[in-house]
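**Student:** Got a structure for you, model.cif, holding mmCIF, C-alpha atoms and all ligand atoms.
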data_run
#
loop_
_atom_site.label_atom_id
_atom_site.label_comp_id
_atom_site.auth_asym_id
_atom_site.auth_seq_id
_atom_site.Cartn_x
_atom_site.Cartn_y
_atom_site.Cartn_z
CA MET A 88 -116.47 -20.42 3.45
CA ALA A 89 -120.16 -19.94 4.21
CA LEU A 90 -121.02 -16.47 5.45
CA PRO A 91 -123.06 -16.01 8.64
CA GLN A 92 -126.64 -15.01 7.86
CA ALA A 93 -128.83 -12.16 9.10
CA GLU A 94 -132.44 -11.12 8.43
CA ILE A 95 -132.16 -7.44 9.38
CA GLY A 96 -129.48 -4.98 8.30
CA VAL A 97 -128.47 -1.62 9.79
CA PHE A 98 -126.32 1.10 8.23
CA GLY A 99 -124.90 3.67 10.57
CA GLY A 100 -122.14 4.82 12.88
CA THR A 101 -119.87 2.38 14.69
CA GLY A 102 -121.61 2.54 18.09
CA PHE A 103 -124.11 -0.16 17.26
CA TYR A 104 -121.62 -3.06 17.34
CA GLN A 105 -121.73 -3.19 21.14
CA PHE A 106 -125.34 -4.44 21.14
CA LEU A 107 -124.76 -7.50 18.97
CA GLU A 108 -124.29 -10.75 20.86
CA GLY A 109 -121.89 -13.31 19.39
CA LEU A 110 -120.51 -10.61 17.11
CA GLU A 111 -118.59 -11.84 14.07
CA GLU A 112 -116.83 -9.36 11.82
CA VAL A 113 -117.12 -10.51 8.24
CA THR A 114 -115.28 -9.39 5.11
CA VAL A 115 -117.73 -9.62 2.24
CA GLN A 116 -116.54 -9.64 -1.38
CA THR A 117 -118.84 -8.16 -4.00
CA PRO A 118 -118.72 -7.79 -7.80
CA TYR A 119 -118.78 -4.01 -7.16
CA GLY A 120 -115.69 -3.81 -4.98
CA ALA A 121 -115.29 -3.58 -1.24
CA PRO A 122 -118.05 -2.36 1.11
CA SER A 123 -117.25 0.58 3.42
CA ALA A 124 -116.15 -1.75 6.22
CA LYS A 125 -116.33 -5.28 7.55
CA VAL A 126 -119.89 -6.22 8.42
CA GLY A 127 -120.67 -7.05 12.04
CA VAL A 128 -123.12 -9.95 12.30
CA GLY A 129 -124.68 -11.02 15.55
CA GLU A 130 -127.85 -11.39 17.54
CA LEU A 131 -130.02 -8.69 19.05
CA ASP A 132 -133.14 -9.54 21.05
CA GLY A 133 -133.34 -12.90 19.29
CA ARG A 134 -133.01 -11.46 15.77
CA ARG A 135 -130.06 -11.97 13.45
CA VAL A 136 -128.69 -8.52 12.60
CA ALA A 137 -125.96 -7.32 10.22
CA PHE A 138 -124.37 -3.95 10.88
CA LEU A 139 -122.26 -1.94 8.43
CA ALA A 140 -120.64 1.43 9.10
CA ARG A 141 -121.76 3.36 6.00
CA HIS A 142 -118.85 5.81 6.11
CA GLY A 143 -116.24 3.25 7.20
CA PRO A 144 -114.82 2.58 10.68
CA ASP A 145 -112.95 5.91 10.72
CA HIS A 146 -115.55 7.87 8.73
CA GLN A 147 -113.11 7.86 5.82
CA HIS A 148 -115.73 7.53 3.04
CA PRO A 149 -117.61 10.81 2.49
CA ALA A 150 -121.20 10.47 1.28
CA HIS A 151 -120.37 11.09 -2.39
CA ARG A 152 -117.64 8.39 -2.32
CA VAL A 153 -119.48 5.63 -0.44
CA ASN A 154 -119.61 2.42 -2.48
CA TYR A 155 -123.38 2.06 -2.10
CA ARG A 156 -123.65 -0.83 -4.55
CA ALA A 157 -121.07 -2.86 -2.61
CA ASN A 158 -122.71 -2.01 0.74
CA LEU A 159 -126.17 -3.13 -0.37
CA TRP A 160 -124.79 -6.18 -2.16
CA ALA A 161 -122.95 -7.22 1.01
CA MET A 162 -126.22 -7.05 2.96
CA ARG A 163 -127.93 -9.18 0.32
CA ARG A 164 -125.17 -11.80 0.45
CA LEU A 165 -125.70 -12.04 4.21
CA GLY A 166 -129.39 -12.78 3.62
CA VAL A 167 -130.76 -9.40 4.76
CA ARG A 168 -134.36 -8.68 3.69
CA ARG A 169 -135.09 -5.64 5.89
CA LEU A 170 -132.76 -2.71 6.10
CA LEU A 171 -132.70 0.28 8.44
CA GLY A 172 -130.85 3.38 7.23
CA PRO A 173 -130.37 5.85 10.08
CA CYS A 174 -128.96 9.15 8.84
CA SER A 175 -128.63 12.80 9.77
CA VAL A 176 -130.62 15.51 8.00
CA GLY A 177 -130.94 19.26 7.90
CA SER A 178 -134.43 20.63 8.51
CA LEU A 179 -136.12 22.84 5.92
CA LYS A 180 -139.13 23.61 8.17
CA PRO A 181 -139.40 25.27 11.59
CA GLU A 182 -141.60 22.48 12.96
CA LEU A 183 -138.93 19.81 12.29
CA LYS A 184 -136.54 20.50 15.12
CA PRO A 185 -133.01 19.32 15.91
CA GLY A 186 -133.13 16.15 18.02
CA GLU A 187 -136.38 14.98 16.39
CA PHE A 188 -136.75 12.25 13.76
CA VAL A 189 -138.45 12.13 10.39
CA ILE A 190 -139.60 8.78 8.96
CA CYS A 191 -139.32 9.82 5.32
CA ASP A 192 -141.79 8.62 2.70
CA GLN A 193 -140.42 10.39 -0.39
CA VAL A 194 -137.02 11.15 -1.93
CA VAL A 195 -135.83 13.78 -4.39
CA ASP A 196 -132.49 12.90 -5.99
CA ARG A 197 -130.13 15.85 -6.49
CA THR A 198 -126.96 13.71 -6.55
CA ARG A 199 -124.86 13.15 -9.65
CA GLY A 200 -122.41 10.59 -10.91
CA ARG A 201 -123.22 8.01 -8.25
CA ALA A 202 -123.52 4.38 -9.34
CA ASP A 203 -127.22 3.92 -8.57
CA THR A 204 -128.32 0.72 -10.31
CA TYR A 205 -127.45 -2.96 -10.61
CA PHE A 206 -129.10 -3.05 -14.04
CA ASP A 207 -126.56 -1.67 -16.49
CA GLY A 208 -127.47 -4.43 -18.97
CA PRO A 209 -127.86 -6.93 -20.47
CA VAL A 210 -130.66 -7.65 -17.94
CA LEU A 211 -133.31 -4.91 -18.36
CA ASN A 212 -135.20 -3.86 -15.24
CA CYS A 213 -136.97 -0.51 -14.70
CA ILE A 214 -138.39 -0.81 -11.21
CA PRO A 215 -141.55 1.01 -10.05
CA PHE A 216 -140.34 3.51 -7.43
CA ALA A 217 -143.35 5.73 -6.69
CA ASP A 218 -143.04 4.83 -3.01
CA PRO A 219 -139.33 4.50 -2.27
CA TYR A 220 -139.60 3.44 1.39
CA CYS A 221 -141.09 0.28 2.86
CA PRO A 222 -144.54 1.13 4.32
CA GLU A 223 -144.34 -1.70 6.85
CA LEU A 224 -140.95 -0.63 8.21
CA ARG A 225 -142.12 2.99 8.34
CA SER A 226 -145.03 1.90 10.57
CA VAL A 227 -142.69 -0.18 12.73
CA MET A 228 -140.38 2.80 13.13
CA SER A 229 -143.20 5.22 14.04
CA ALA A 230 -144.55 2.77 16.63
CA ALA A 231 -141.06 2.23 18.06
CA ALA A 232 -140.59 5.99 18.44
CA ALA A 233 -143.95 6.32 20.19
CA GLY A 234 -143.03 3.45 22.50
CA GLU A 235 -139.75 5.12 23.42
CA GLY A 236 -141.29 8.59 23.87
CA ILE A 237 -139.19 9.91 20.97
CA VAL A 238 -140.57 12.59 18.64
CA ALA A 239 -140.71 11.16 15.10
CA HIS A 240 -142.64 12.84 12.29
CA PRO A 241 -144.39 10.00 10.41
CA ALA A 242 -143.71 11.27 6.86
CA GLY A 243 -141.53 13.70 4.97
CA THR A 244 -139.67 14.32 1.73
CA VAL A 245 -135.90 14.18 1.82
CA VAL A 246 -133.90 15.93 -0.88
CA VAL A 247 -130.54 14.23 -1.29
CA ILE A 248 -127.68 16.50 -2.31
CA GLN A 249 -124.35 15.43 -3.75
CA GLY A 250 -122.10 16.95 -1.09
CA PRO A 251 -119.62 17.07 0.40
CA ARG A 252 -120.46 20.77 0.57
CA PHE A 253 -123.68 21.97 2.19
CA SER A 254 -126.35 23.97 0.32
CA THR A 255 -126.29 27.63 -0.69
CA ARG A 256 -129.02 29.91 0.65
CA ALA A 257 -130.69 29.93 -2.77
CA GLU A 258 -130.67 26.12 -3.00
CA SER A 259 -132.06 25.76 0.50
CA ARG A 260 -134.79 28.34 -0.26
CA TRP A 261 -135.67 26.43 -3.41
CA PHE A 262 -135.88 23.11 -1.53
CA SER A 263 -138.19 24.49 1.13
CA SER A 264 -140.37 26.40 -1.38
CA ALA A 265 -140.83 23.11 -3.24
CA GLY A 266 -142.40 21.71 -0.08
CA TRP A 267 -139.54 19.35 0.76
CA ASP A 268 -138.86 18.73 4.41
CA VAL A 269 -135.27 17.68 5.06
CA VAL A 270 -131.93 17.56 3.24
CA ASN A 271 -129.35 14.75 3.38
CA MET A 272 -126.41 13.21 1.45
CA THR A 273 -126.81 9.41 1.75
CA GLN A 274 -130.46 8.34 1.31
CA TYR A 275 -129.95 8.16 -2.44
CA PRO A 276 -128.93 5.73 -3.90
CA GLU A 277 -129.28 3.58 -0.77
CA CYS A 278 -133.07 3.48 -1.11
CA VAL A 279 -133.16 2.58 -4.80
CA LEU A 280 -130.45 -0.08 -4.63
CA ALA A 281 -132.32 -1.76 -1.78
CA ARG A 282 -135.51 -1.83 -3.85
CA GLU A 283 -133.68 -3.25 -6.88
CA LEU A 284 -132.58 -6.11 -4.66
CA GLY A 285 -136.08 -6.56 -3.24
CA ILE A 286 -134.94 -5.50 0.24
CA CYS A 287 -137.30 -3.43 2.43
CA TYR A 288 -135.68 -0.13 3.34
CA VAL A 289 -136.54 2.65 5.76
CA GLY A 290 -134.68 5.91 6.39
CA VAL A 291 -134.54 7.03 10.01
CA ALA A 292 -133.60 10.66 9.77
CA LEU A 293 -132.30 12.52 12.82
CA VAL A 294 -132.60 16.29 12.43
CA THR A 295 -129.26 17.84 13.36
CA ASP A 296 -129.62 21.44 12.10
CA TYR A 297 -131.63 23.95 10.05
CA ASP A 298 -129.49 23.76 6.88
CA VAL A 299 -128.57 27.39 6.02
CA GLY A 300 -130.99 28.78 8.60
CA LEU A 301 -134.69 29.58 8.42
CA GLU A 302 -136.25 32.31 6.35
CA GLY A 303 -137.43 35.12 8.60
CA VAL A 304 -136.00 33.51 11.75
CA GLY A 305 -132.89 35.26 12.97
CA GLY A 306 -130.01 33.92 15.01
CA ILE A 307 -129.68 30.53 13.31
CA GLU A 308 -126.27 30.02 11.75
CA PRO A 309 -125.86 27.99 8.55
CA VAL A 310 -124.94 24.36 9.27
CA SER A 311 -121.35 23.22 9.72
CA ILE A 312 -119.95 19.70 10.05
CA ASP A 313 -119.10 20.45 13.70
CA VAL A 314 -122.76 21.10 14.44
CA VAL A 315 -123.82 17.89 12.70
CA PHE A 316 -121.35 15.77 14.67
CA ARG A 317 -122.19 17.48 17.97
CA VAL A 318 -125.94 16.91 17.62
CA LEU A 319 -125.30 13.34 16.45
CA ARG A 320 -123.21 12.69 19.56
CA GLU A 321 -125.90 14.20 21.78
CA ASN A 322 -128.54 11.93 20.25
CA VAL A 323 -126.68 8.69 19.66
CA GLU A 324 -128.33 7.00 22.62
CA LYS A 325 -131.78 7.97 21.27
CA VAL A 326 -130.97 6.58 17.81
CA GLN A 327 -129.81 3.31 19.37
CA ARG A 328 -132.90 3.01 21.55
CA LEU A 329 -135.12 3.62 18.55
CA LEU A 330 -133.34 1.03 16.40
CA ARG A 331 -133.34 -1.59 19.16
CA ARG A 332 -137.05 -1.17 19.82
CA ALA A 333 -137.80 -1.30 16.09
CA ILE A 334 -135.68 -4.40 15.42
CA GLY A 335 -137.50 -6.34 18.12
CA THR A 336 -140.89 -5.62 16.51
CA ILE A 337 -140.24 -6.13 12.79
CA PRO A 338 -142.66 -8.86 11.65
CA ALA A 339 -140.85 -12.10 10.81
CA GLU A 340 -142.40 -12.21 7.34
CA PRO A 341 -142.87 -9.02 5.28
CA ALA A 342 -146.48 -8.09 4.48
CA CYS A 343 -145.41 -5.38 2.00
CA ALA A 344 -144.70 -5.53 -1.73
CA CYS A 345 -141.05 -4.34 -1.66
CA GLY A 346 -139.70 -7.74 -2.66
CA ALA A 347 -142.48 -8.55 -5.17
CA GLY A 348 -141.22 -8.98 -8.69
CA ALA A 349 -137.57 -8.49 -7.72
CA VAL A 350 -135.31 -9.42 -10.62
CA ASP A 351 -131.98 -11.13 -9.92
CA PRO A 352 -129.26 -8.82 -11.28
CA GLY A 353 -127.04 -11.93 -11.57
ZN ZN A 401 -141.15 -3.65 2.57
#
Could you spell out this file's structure in structure tokens?
Ligand SMILES: [Zn+2]
**Tutor:**
Amino acid sequence: MALPQAEIGVFGGTGFYQFLEGLEEVTVQTPYGAPSAKVGVGELDGRRVAFLARHGPDHQHPAHRVNYRANLWAMRRLGVRRLLGPCSVGSLKPELKPGEFVICDQVVDRTRGRADTYFDGPVLNCIPFADPYCPELRSVMSAAAAGEGIVAHPAGTVVVIQGPRFSTRAESRWFSSAGWDVVNMTQYPECVLARELGICYVGVALVTDYDVGLEGVGGIEPVSIDVVFRVLRENVEKVQRLLRRAIGTIPAEPACACGAGAVDPG
């Protein structure tokens, strides 16, 4: 049976389904196993959009167990060429405050053991990855935030940790002394798998906390999962507004180089 098609994909929590008109829930098979959930495909402001709950419908897949290869492959099978990856992050800098967004431009990978490539052989492909995020989608996202009156820092480095535990004080101190801005558990390998498939990808990082606290600033408790979920809940409407505005303004044809030279993994 032919699958419905979409041009734009969104990973995130379940709340986004409600915006898709003519919603179809699709089970997508992949050579890498099952994606985290069925994919919702529908229309939003005249654009065909595919939505996939990264952690599953009941948040049953923790970040280190998400089948990223299957999730990205499912998006590709549905025809997606632009992908939005909203996520929550801990701030490593006082000026990046809870409730604000960071449109990341760089990634540091501190994960381990995650399947992070489609090229395990015999096809050889070592992709250039100096700039892991799509510059065009980053601009779209910054403009959308400005249009909605939402604070979004236009660049930042995200360090991706393995989880599920949060950082120690020493790790967090190391991350901030290295000049990195925010810490997260899902941006890698999402960003690299998208690029291997020639799909444009942007991370939309909502700051939920200050990781273990801030050096020299008292009264800030180290992050807990309760805090992350509470701040997420408080900001879900803002995330949705930002995504909706962005989706409506993504150029129909990419003017970036993310898809240039993409090699078919087979
Ligand atoms: Zn791109």
**Student:** Kindly provide the residues of chain A that approach ligand ZN 401 (chain A) to within 10 Å, each paired with its closest atom pair and their distance in Å to one decimal, based on only C-alpha atoms and all ligand atoms, listed by chain and increasing number, as a tab-separated table.
**Tutor:**
residue	atom	partner	partner_atom	distance
A:Arg168	CA	A:ZN401	ZN	8.5
A:Arg169	CA	A:ZN401	ZN	7.2
A:Leu170	CA	A:ZN401	ZN	9.2
A:Pro219	CA	A:ZN401	ZN	9.7
A:Tyr220	CA	A:ZN401	ZN	7.4
A:Cys221	CA	A:ZN401	ZN	3.9
A:Pro222	CA	A:ZN401	ZN	6.1
A:Glu223	CA	A:ZN401	ZN	5.7
A:Leu224	CA	A:ZN401	ZN	6.4
A:Arg225	CA	A:ZN401	ZN	8.9
A:Arg282	CA	A:ZN401	ZN	8.7
A:Gly285	CA	A:ZN401	ZN	8.2
A:Ile286	CA	A:ZN401	ZN	6.9
A:Cys287	CA	A:ZN401	ZN	3.9
A:Tyr288	CA	A:ZN401	ZN	6.6
A:Val289	CA	A:ZN401	ZN	8.4
A:Glu340	CA	A:ZN401	ZN	9.9
A:Pro341	CA	A:ZN401	ZN	6.3
A:Ala342	CA	A:ZN401	ZN	7.2
A:Cys343	CA	A:ZN401	ZN	4.6
A:Ala344	CA	A:ZN401	ZN	5.9
A:Cys345	CA	A:ZN401	ZN	4.3
A:Gly346	CA	A:ZN401	ZN	6.8
A:Ala347	CA	A:ZN401	ZN	9.3
**Student:** Within 10 Å of A:Gln92, counting only C-alpha atoms, which residues qualify if same-chain residues fewer than 3 places away don't, as a short mmCIF file (atom, residue, chain, number, x, y, z; two decimals) with C-alpha atoms, in the coordinates of the input?
**Tutor:**
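Wrote it out as result-v6.cif, contents follow:
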data_model
loop_
_atom_site.label_atom_id
_atom_site.label_comp_id
_atom_site.auth_asym_id
_atom_site.auth_seq_id
_atom_site.Cartn_x
_atom_site.Cartn_y
_atom_site.Cartn_z
CA ALA A 89 -120.16 -19.94 4.21
CA ILE A 95 -132.16 -7.44 9.38
CA VAL A 128 -123.12 -9.95 12.30
CA GLY A 129 -124.68 -11.02 15.55
CA ARG A 135 -130.06 -11.97 13.45
CA VAL A 136 -128.69 -8.52 12.60
CA ALA A 137 -125.96 -7.32 10.22
CA MET A 162 -126.22 -7.05 2.96
CA ARG A 163 -127.93 -9.18 0.32
CA ARG A 164 -125.17 -11.80 0.45
CA LEU A 165 -125.70 -12.04 4.21
CA GLY A 166 -129.39 -12.78 3.62
CA VAL A 167 -130.76 -9.40 4.76
#
**Student:** As an exercise, work out the distance from atom CA of A:Thr273 to atom CA of A:Val247 in Å and give it to one decimal place.
**Tutor:**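 Rounded to one decimal, the two atoms are 6.8 Å apart.
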**Student:** Which of these residues is nearest to A:Tyr155, using only C-alpha atoms: A:Val269, A:Val318, A:Val194, A:Ala124?
**Tutor:**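 Among the listed residues, A:Ala124 lies closest to A:Tyr155.
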**Student:** Rank A:Pro352, A:Leu319, A:Phe138, A:Gly236 by their smallest atom-to-atom distance to A:Leu171, using all atoms listed in the file, and report the top residue only.
**Tutor:**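 Answer, going by the shortest atom-to-atom distance: A:Phe138.
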**Student:** Quick one: of A:Glu283, A:Pro185, A:Gly353, A:Leu131, who's nearest to A:Leu159, counting all atoms listed in the file?
**Tutor:**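 Smallest separation from A:Leu159 among the options: A:Glu283.
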**Student:** With a distance cut-off of 10 Å and all atoms listed in the file, select the neighbouring residues of A:Arg331, excluding the residue or stretch itself and same-chain residues fewer than 6 positions from it, and output the selection as a list in words.
**Tutor:**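 So the residues in contact are Phe103, Phe106, Leu131, Asp132, Ala231 and Lys325 of chain A.
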**Student:** Return the single residue from A:Pro122, A:Gly143, A:Gly109, A:Gly186 that is closest to A:Val326, with distances computed using all atoms listed in the file.
**Tutor:** A:Gly186
**Student:** Of the candidates A:Gly96, A:Pro173, A:Gly200, A:Gly133, which one gets nearest to A:Trp160 if we count only C-alpha atoms?
**Tutor:** A:Gly96
**Student:** Between atom CA of A:Gly120 and atom CA of A:Ala157, measure the distance and give it in Å to one decimal.
**Tutor:**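 A separation of 6.0 Å between them.
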**Student:** Using only C-alpha atoms, which protein or nucleic acid residues come within 10 Å of A:Val210? Drop anything in the same chain fewer than 3 positions from it, and give the result as an MDAnalysis selection string.
**Tutor:** chainID A and resid 205:207 350:353
**Student:** Of the residues A:Leu90, A:Leu211, A:Ile248, A:Val314, which is the one nearest to A:Val113, using only C-alpha atoms?
**Tutor:**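 Closest to A:Val113, using only C-alpha atoms: A:Leu90.
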**Student:** Quick one: distance from atom CA of A:Cys191 to atom CA of A:Gly335 in Å, one decimal?
**Tutor:**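 Atom-to-atom, atom CA of A:Cys191 to atom CA of A:Gly335, that is 20.7 Å.
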**Student:** What's around A:Gly172 at 6 Å? Count all atoms listed in the file, leave out sequence neighbours fewer than 6 positions away in its own chain, and write the answer as number ranges by chain.
**Tutor:** A: 98, 289-291
**Student:** Could you add the missing atoms to stretch 289-322 of chain A, up to N, CA and C atoms, and return them as a compact mmCIF listing (two decimals), in the coordinates of the input?
**Tutor:**
# COMPACT_ATOMS: atom_id res chain seq x y z
N VAL A 289 -135.95 1.48 5.12
CA VAL A 289 -136.54 2.65 5.76
C VAL A 289 -135.42 3.60 6.17
N GLY A 290 -135.63 4.90 5.93
CA GLY A 290 -134.68 5.91 6.39
C GLY A 290 -135.14 6.39 7.76
N VAL A 291 -134.21 6.53 8.68
CA VAL A 291 -134.54 7.03 10.01
C VAL A 291 -133.72 8.29 10.19
N ALA A 292 -134.36 9.43 9.93
CA ALA A 292 -133.60 10.66 9.77
C ALA A 292 -133.60 11.49 11.05
N LEU A 293 -132.44 11.66 11.64
CA LEU A 293 -132.30 12.52 12.82
C LEU A 293 -132.00 13.95 12.36
N VAL A 294 -132.84 14.88 12.77
CA VAL A 294 -132.60 16.29 12.43
C VAL A 294 -131.46 16.82 13.29
N THR A 295 -130.41 17.32 12.62
CA THR A 295 -129.26 17.84 13.36
C THR A 295 -129.15 19.37 13.30
N ASP A 296 -129.84 20.00 12.34
CA ASP A 296 -129.62 21.44 12.10
C ASP A 296 -130.74 21.98 11.22
N TYR A 297 -130.65 23.29 10.93
CA TYR A 297 -131.63 23.95 10.05
C TYR A 297 -131.01 24.34 8.72
N ASP A 298 -130.13 23.51 8.18
CA ASP A 298 -129.49 23.76 6.88
C ASP A 298 -128.84 25.16 6.90
N VAL A 299 -129.23 26.06 6.00
CA VAL A 299 -128.57 27.39 6.02
C VAL A 299 -129.23 28.35 6.99
N GLY A 300 -130.24 27.91 7.71
CA GLY A 300 -130.99 28.78 8.60
C GLY A 300 -132.45 28.76 8.16
N LEU A 301 -133.27 29.57 8.79
CA LEU A 301 -134.69 29.58 8.42
C LEU A 301 -135.08 30.98 7.99
N GLU A 302 -135.80 31.04 6.89
CA GLU A 302 -136.25 32.31 6.35
C GLU A 302 -137.07 33.07 7.40
N GLY A 303 -136.67 34.29 7.68
CA GLY A 303 -137.43 35.12 8.60
C GLY A 303 -137.17 34.82 10.07
N VAL A 304 -136.34 33.82 10.36
CA VAL A 304 -136.00 33.51 11.75
C VAL A 304 -134.53 33.85 11.96
N GLY A 305 -134.27 34.81 12.79
CA GLY A 305 -132.89 35.26 12.97
C GLY A 305 -132.13 34.38 13.95
N GLY A 306 -130.83 34.55 13.98
CA GLY A 306 -130.01 33.92 15.01
C GLY A 306 -129.64 32.47 14.75
N ILE A 307 -130.06 31.92 13.61
CA ILE A 307 -129.68 30.53 13.31
C ILE A 307 -128.58 30.54 12.26
N GLU A 308 -127.43 30.04 12.64
CA GLU A 308 -126.27 30.02 11.75
C GLU A 308 -126.43 28.90 10.72
N PRO A 309 -125.88 29.11 9.50
CA PRO A 309 -125.86 27.99 8.55
C PRO A 309 -125.11 26.79 9.13
N VAL A 310 -125.50 25.61 8.71
CA VAL A 310 -124.94 24.36 9.27
C VAL A 310 -123.44 24.25 8.99
N SER A 311 -122.74 23.60 9.93
CA SER A 311 -121.35 23.22 9.72
C SER A 311 -121.22 21.76 10.15
N ILE A 312 -120.13 21.12 9.73
CA ILE A 312 -119.95 19.70 10.05
C ILE A 312 -119.79 19.53 11.57
N ASP A 313 -119.24 20.54 12.24
CA ASP A 313 -119.10 20.45 13.70
C ASP A 313 -120.47 20.35 14.38
N VAL A 314 -121.41 21.14 13.87
CA VAL A 314 -122.76 21.10 14.44
C VAL A 314 -123.38 19.73 14.23
N VAL A 315 -123.24 19.20 13.01
CA VAL A 315 -123.82 17.89 12.70
C VAL A 315 -123.27 16.83 13.65
N PHE A 316 -121.96 16.79 13.81
CA PHE A 316 -121.35 15.77 14.67
C PHE A 316 -121.74 15.97 16.14
N ARG A 317 -121.83 17.23 16.57
CA ARG A 317 -122.19 17.48 17.97
C ARG A 317 -123.61 16.97 18.25
N VAL A 318 -124.56 17.32 17.37
CA VAL A 318 -125.94 16.91 17.62
C VAL A 318 -126.07 15.38 17.49
N LEU A 319 -125.31 14.81 16.56
CA LEU A 319 -125.30 13.34 16.45
C LEU A 319 -124.84 12.70 17.76
N ARG A 320 -123.74 13.24 18.29
CA ARG A 320 -123.21 12.69 19.56
C ARG A 320 -124.24 12.80 20.67
N GLU A 321 -124.91 13.96 20.72
CA GLU A 321 -125.90 14.20 21.78
C GLU A 321 -127.09 13.25 21.67
N ASN A 322 -127.33 12.73 20.46
CA ASN A 322 -128.54 11.93 20.25
C ASN A 322 -128.27 10.47 19.94
